[in-house]
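Enquirer: Starting off with a structure, shown below.
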Amino acid sequence: MEKIKERLDEMIATCGNYRPLRLMFQDEARFGRIADRCYCWCRCSDRPVVSAMVTQEYTYACGAVSPLDGAFDSLVWPHVNSDCMQIFIDEMANRYSGDNIIMIVDGAGWHKSKDFHLPENVRLLFLPPYSPELNPQEHIGDELREKYFHNREFDSIDALENHLVSALYDLENTPDLIKSITGWDWIINAVSSAN
């Protein structure tokens, strides 16, 4: 925890202005037309019938969560690359133009592009390698899969994307739920003790 406090202090010092700090955790999740079957409730005498689908078509949800206030923002991507990441970073910079954003990301190649043009209110902070357990955004992907995608099949990639957009919209409008999933003590303590 001391290390994250130090890194936050260093990054805040590079901002050069007195805007409020917004700490965001970013990640991507892949959603496809492969049915995710799981146990479900039904009447004792019934046996649920769930289709299995193995069509390999995918789309991606990119999201960033702010654990302190439960803000969650997302975009749906056709694939993952540095161009899509640039669009997402620009969108976050515009949505939170009054804040200094420190966006914590993993070490994916598209997060480290030399061609990024970071807006003046955005800084990227990289998680240690192989540490997804430190990123609360991972739990948002789990929430999406568990609550919105189990035992469902989609007849097209468009139907999947429409369902994904609707699910993301639901989550974006439930900040208390997002805070309860992502507001881990070490994150809250690190931000509250940063300069």
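Order determines the names: the first chain of the structure tokens is A, the second B, and so forth; residues in each chain are numbered 1 upward, and ligands are numbered 1 upward as they are shown.
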With the cut-off set at 12 Å and counting only C-alpha atoms, tabulate each residue of range 1-34 of chain A with an atom at most that distance from an atom of range 109-121 of chain A, showing the nearest atom pair and its distance in Å to one decimal, ordered by chain and increasing number, as a Markdown table.

Expert:
| residue | atom | partner | partner_atom | distance |
| --- | --- | --- | --- | --- |
| A:Met11 | CA | A:Asn121 | CA | 11.1 |
| A:Ile12 | CA | A:Asn121 | CA | 10.4 |
| A:Thr14 | CA | A:Glu120 | CA | 10.1 |
| A:Cys15 | CA | A:Asn121 | CA | 7.2 |
| A:Gly16 | CA | A:Asn121 | CA | 9.8 |
| A:Asn17 | CA | A:Asn121 | CA | 9.3 |
| A:Tyr18 | CA | A:Asn121 | CA | 10.9 |
| A:Arg19 | CA | A:Asn121 | CA | 8.8 |
| A:Pro20 | CA | A:Asn121 | CA | 10.4 |
| A:Leu21 | CA | A:Asn121 | CA | 9.7 |
| A:Arg22 | CA | A:Asn121 | CA | 9.9 |
| A:Leu23 | CA | A:Asn121 | CA | 11.7 |
| A:Gln26 | CA | A:His111 | CA | 10.1 |
| A:Asp27 | CA | A:His111 | CA | 9.9 |
| A:Glu28 | CA | A:His111 | CA | 10.9 |

Enquirer: Which of these residues is nearest to Thr182 in chain A, using only C-alpha atoms: A:Arg123, A:Lys3, A:His139, A:Arg95?

Expert: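 The closest residue to Thr182 in chain A is A:His139.
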
Enquirer: Could you please write out, as a PyMOL selection string, every residue of range 80-163 of chain A that DSSP assigns to strand (DSSP E)?

Expert: chain A and resi 100-105+122-126

Enquirer: List every residue of range 117-153 of chain A that has an atom at most 10 Å from any atom of range 168-176 of chain A, giving for each one its closest atom pair and the distance in Å to one decimal, counting only C-alpha atoms, sorted by chain and then by ascending residue number, as a tab-separated table.

Expert:
residue	atom	partner	partner_atom	distance
A:Ile140	CA	A:Leu171	CA	8.6
A:Gly141	CA	A:Leu168	CA	9.9
A:Glu143	CA	A:Leu171	CA	9.2
A:Leu144	CA	A:Leu168	CA	7.8
A:Tyr148	CA	A:Leu168	CA	9.6

Enquirer: Between A:Tyr58, A:Ala190, A:Glu133, A:Asp106, which is the closest to Phe31 in chain A once you count only C-alpha atoms?

Expert: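 Looking at the shortest contact to Phe31 in chain A, the residue is A:Tyr58.
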
Enquirer: Using only C-alpha atoms, can you tell me which of A:Tyr60, A:Phe88, A:Tyr96, A:Tyr130 comes closest to Glu161 in chain A?

Expert: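 Answer, going by the shortest atom-to-atom distance: A:Tyr60.
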
Enquirer: List every residue of range 48-170 of chain A that DSSP, applied to the backbone of this structure, assigns to alpha helix (DSSP H), and report them as a PyMOL selection string.

Expert: chain A and resi 82-95+137-144+157-170

Enquirer: Any chance you can output those residues with N, CA, C and O atoms as a short mmCIF file (atom, residue, chain, number, x, y, z; two decimals), in the first residue's frame?

Expert:
data_model
loop_
_atom_site.label_atom_id
_atom_site.label_comp_id
_atom_site.auth_asym_id
_atom_site.auth_seq_id
_atom_site.Cartn_x
_atom_site.Cartn_y
_atom_site.Cartn_z
N SER A 82 -4.64 -0.18 -29.79
CA SER A 82 -4.29 1.13 -29.24
C SER A 82 -5.19 2.24 -29.79
O SER A 82 -5.42 3.23 -29.09
N ASP A 83 -5.74 2.07 -30.99
CA ASP A 83 -6.67 3.09 -31.51
C ASP A 83 -7.94 3.15 -30.67
O ASP A 83 -8.43 4.23 -30.33
N CYS A 84 -8.47 1.98 -30.32
CA CYS A 84 -9.66 1.94 -29.46
C CYS A 84 -9.34 2.51 -28.08
O CYS A 84 -10.15 3.25 -27.50
N MET A 85 -8.17 2.19 -27.57
CA MET A 85 -7.77 2.71 -26.26
C MET A 85 -7.65 4.22 -26.29
O MET A 85 -8.03 4.90 -25.34
N GLN A 86 -7.12 4.77 -27.38
CA GLN A 86 -7.02 6.23 -27.50
C GLN A 86 -8.40 6.87 -27.46
O GLN A 86 -8.61 7.89 -26.80
N ILE A 87 -9.37 6.27 -28.15
CA ILE A 87 -10.74 6.78 -28.13
C ILE A 87 -11.29 6.77 -26.71
O ILE A 87 -11.91 7.74 -26.26
N PHE A 88 -11.03 5.68 -25.99
CA PHE A 88 -11.53 5.58 -24.61
C PHE A 88 -10.88 6.63 -23.71
O PHE A 88 -11.56 7.28 -22.92
N ILE A 89 -9.58 6.79 -23.82
CA ILE A 89 -8.88 7.78 -22.99
C ILE A 89 -9.41 9.19 -23.28
O ILE A 89 -9.67 9.97 -22.36
N ASP A 90 -9.59 9.50 -24.56
CA ASP A 90 -10.12 10.82 -24.92
C ASP A 90 -11.53 11.03 -24.36
O ASP A 90 -11.87 12.12 -23.89
N GLU A 91 -12.34 9.99 -24.42
CA GLU A 91 -13.70 10.07 -23.89
C GLU A 91 -13.68 10.32 -22.38
O GLU A 91 -14.44 11.15 -21.87
N MET A 92 -12.82 9.62 -21.65
CA MET A 92 -12.74 9.83 -20.20
C MET A 92 -12.25 11.24 -19.88
O MET A 92 -12.74 11.89 -18.96
N ALA A 93 -11.28 11.73 -20.67
CA ALA A 93 -10.78 13.08 -20.46
C ALA A 93 -11.87 14.12 -20.65
O ALA A 93 -11.95 15.10 -19.90
N ASN A 94 -12.75 13.88 -21.63
CA ASN A 94 -13.85 14.81 -21.87
C ASN A 94 -14.93 14.71 -20.81
O ASN A 94 -15.46 15.72 -20.35
N ARG A 95 -15.28 13.48 -20.43
CA ARG A 95 -16.34 13.30 -19.42
C ARG A 95 -15.96 13.89 -18.08
O ARG A 95 -16.81 14.37 -17.33
N GLN A 137 -11.88 -3.37 -11.48
CA GLN A 137 -12.64 -3.40 -12.72
C GLN A 137 -12.90 -4.86 -13.17
O GLN A 137 -13.89 -5.15 -13.82
N GLU A 138 -12.01 -5.77 -12.79
CA GLU A 138 -12.20 -7.18 -13.10
C GLU A 138 -13.53 -7.69 -12.53
O GLU A 138 -14.20 -8.53 -13.13
N HIS A 139 -13.91 -7.17 -11.37
CA HIS A 139 -15.15 -7.62 -10.73
C HIS A 139 -16.39 -7.09 -11.45
O HIS A 139 -17.46 -7.69 -11.36
N ILE A 140 -16.25 -5.98 -12.14
CA ILE A 140 -17.37 -5.48 -12.95
C ILE A 140 -17.62 -6.45 -14.11
O ILE A 140 -18.77 -6.76 -14.42
N GLY A 141 -16.56 -6.93 -14.74
CA GLY A 141 -16.72 -7.94 -15.78
C GLY A 141 -17.39 -9.20 -15.25
O GLY A 141 -18.26 -9.78 -15.91
N ASP A 142 -17.00 -9.61 -14.05
CA ASP A 142 -17.63 -10.78 -13.42
C ASP A 142 -19.11 -10.53 -13.16
O ASP A 142 -19.95 -11.41 -13.37
N GLU A 143 -19.43 -9.33 -12.69
CA GLU A 143 -20.83 -8.97 -12.43
C GLU A 143 -21.65 -9.02 -13.72
O GLU A 143 -22.77 -9.54 -13.74
N LEU A 144 -21.09 -8.50 -14.79
CA LEU A 144 -21.79 -8.53 -16.08
C LEU A 144 -22.06 -9.97 -16.52
O LEU A 144 -23.18 -10.31 -16.91
N ILE A 157 -24.17 -11.25 -33.60
CA ILE A 157 -23.25 -10.41 -32.82
C ILE A 157 -23.91 -9.08 -32.48
O ILE A 157 -23.67 -8.50 -31.43
N ASP A 158 -24.80 -8.61 -33.37
CA ASP A 158 -25.54 -7.37 -33.07
C ASP A 158 -26.44 -7.53 -31.85
O ASP A 158 -26.53 -6.63 -31.02
N ALA A 159 -27.11 -8.68 -31.75
CA ALA A 159 -27.96 -8.95 -30.59
C ALA A 159 -27.12 -8.99 -29.32
O ALA A 159 -27.52 -8.46 -28.28
N LEU A 160 -25.95 -9.60 -29.40
CA LEU A 160 -25.04 -9.64 -28.25
C LEU A 160 -24.62 -8.23 -27.86
O LEU A 160 -24.66 -7.86 -26.68
N GLU A 161 -24.22 -7.42 -28.83
CA GLU A 161 -23.78 -6.05 -28.53
C GLU A 161 -24.91 -5.21 -27.95
O GLU A 161 -24.69 -4.43 -27.02
N ASN A 162 -26.13 -5.37 -28.47
CA ASN A 162 -27.27 -4.62 -27.93
C ASN A 162 -27.51 -5.00 -26.47
O ASN A 162 -27.77 -4.13 -25.63
N HIS A 163 -27.43 -6.29 -26.17
CA HIS A 163 -27.61 -6.74 -24.80
C HIS A 163 -26.48 -6.22 -23.90
O HIS A 163 -26.73 -5.79 -22.77
N LEU A 164 -25.26 -6.24 -24.41
CA LEU A 164 -24.11 -5.74 -23.66
C LEU A 164 -24.25 -4.25 -23.37
O LEU A 164 -24.02 -3.81 -22.24
N VAL A 165 -24.66 -3.49 -24.35
CA VAL A 165 -24.84 -2.04 -24.15
C VAL A 165 -25.91 -1.78 -23.09
O VAL A 165 -25.74 -0.94 -22.20
N SER A 166 -27.00 -2.52 -23.14
CA SER A 166 -28.06 -2.38 -22.14
C SER A 166 -27.56 -2.73 -20.74
O SER A 166 -27.84 -2.02 -19.77
N ALA A 167 -26.79 -3.81 -20.63
CA ALA A 167 -26.24 -4.21 -19.33
C ALA A 167 -25.26 -3.17 -18.79
O ALA A 167 -25.29 -2.82 -17.61
N LEU A 168 -24.40 -2.65 -19.66
CA LEU A 168 -23.44 -1.61 -19.24
C LEU A 168 -24.18 -0.35 -18.80
O LEU A 168 -23.80 0.28 -17.81
N TYR A 169 -25.22 0.00 -19.51
CA TYR A 169 -26.02 1.18 -19.15
C TYR A 169 -26.62 0.99 -17.75
O TYR A 169 -26.61 1.91 -16.94
N ASP A 170 -27.15 -0.21 -17.49
CA ASP A 170 -27.70 -0.50 -16.16
C ASP A 170 -26.64 -0.29 -15.08
O ASP A 170 -26.90 0.33 -14.05
#

Enquirer: Between CA of Leu125 in chain A and CA of Ile104 in chain A, what is the distance, to one decimal in Å?

Expert: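 Rounded to one decimal, the two atoms are 4.7 Å apart.
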
Enquirer: For the atom pair CA of Gly183 in chain A and CA of Phe149 in chain A, what is the interatomic distance in Å to one decimal place?

Expert: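 Distance reported for this atom pair: 23.9 Å.
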
Enquirer: Tell me which of A:Gly63, A:Leu68, A:Lys179, A:Pro48 sits closest to Asn151 in chain A, counting only C-alpha atoms.

Expert: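 Of A:Gly63, A:Leu68, A:Lys179, A:Pro48, the one nearest Asn151 in chain A is A:Pro48, counting only C-alpha atoms.
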
Enquirer: What is the distance, in Å and to one decimal place, between CA of Leu124 in chain A and CA of Val105 in chain A?

Expert: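 We find that CA of Leu124 in chain A and CA of Val105 in chain A lie 6.9 Å from each other.
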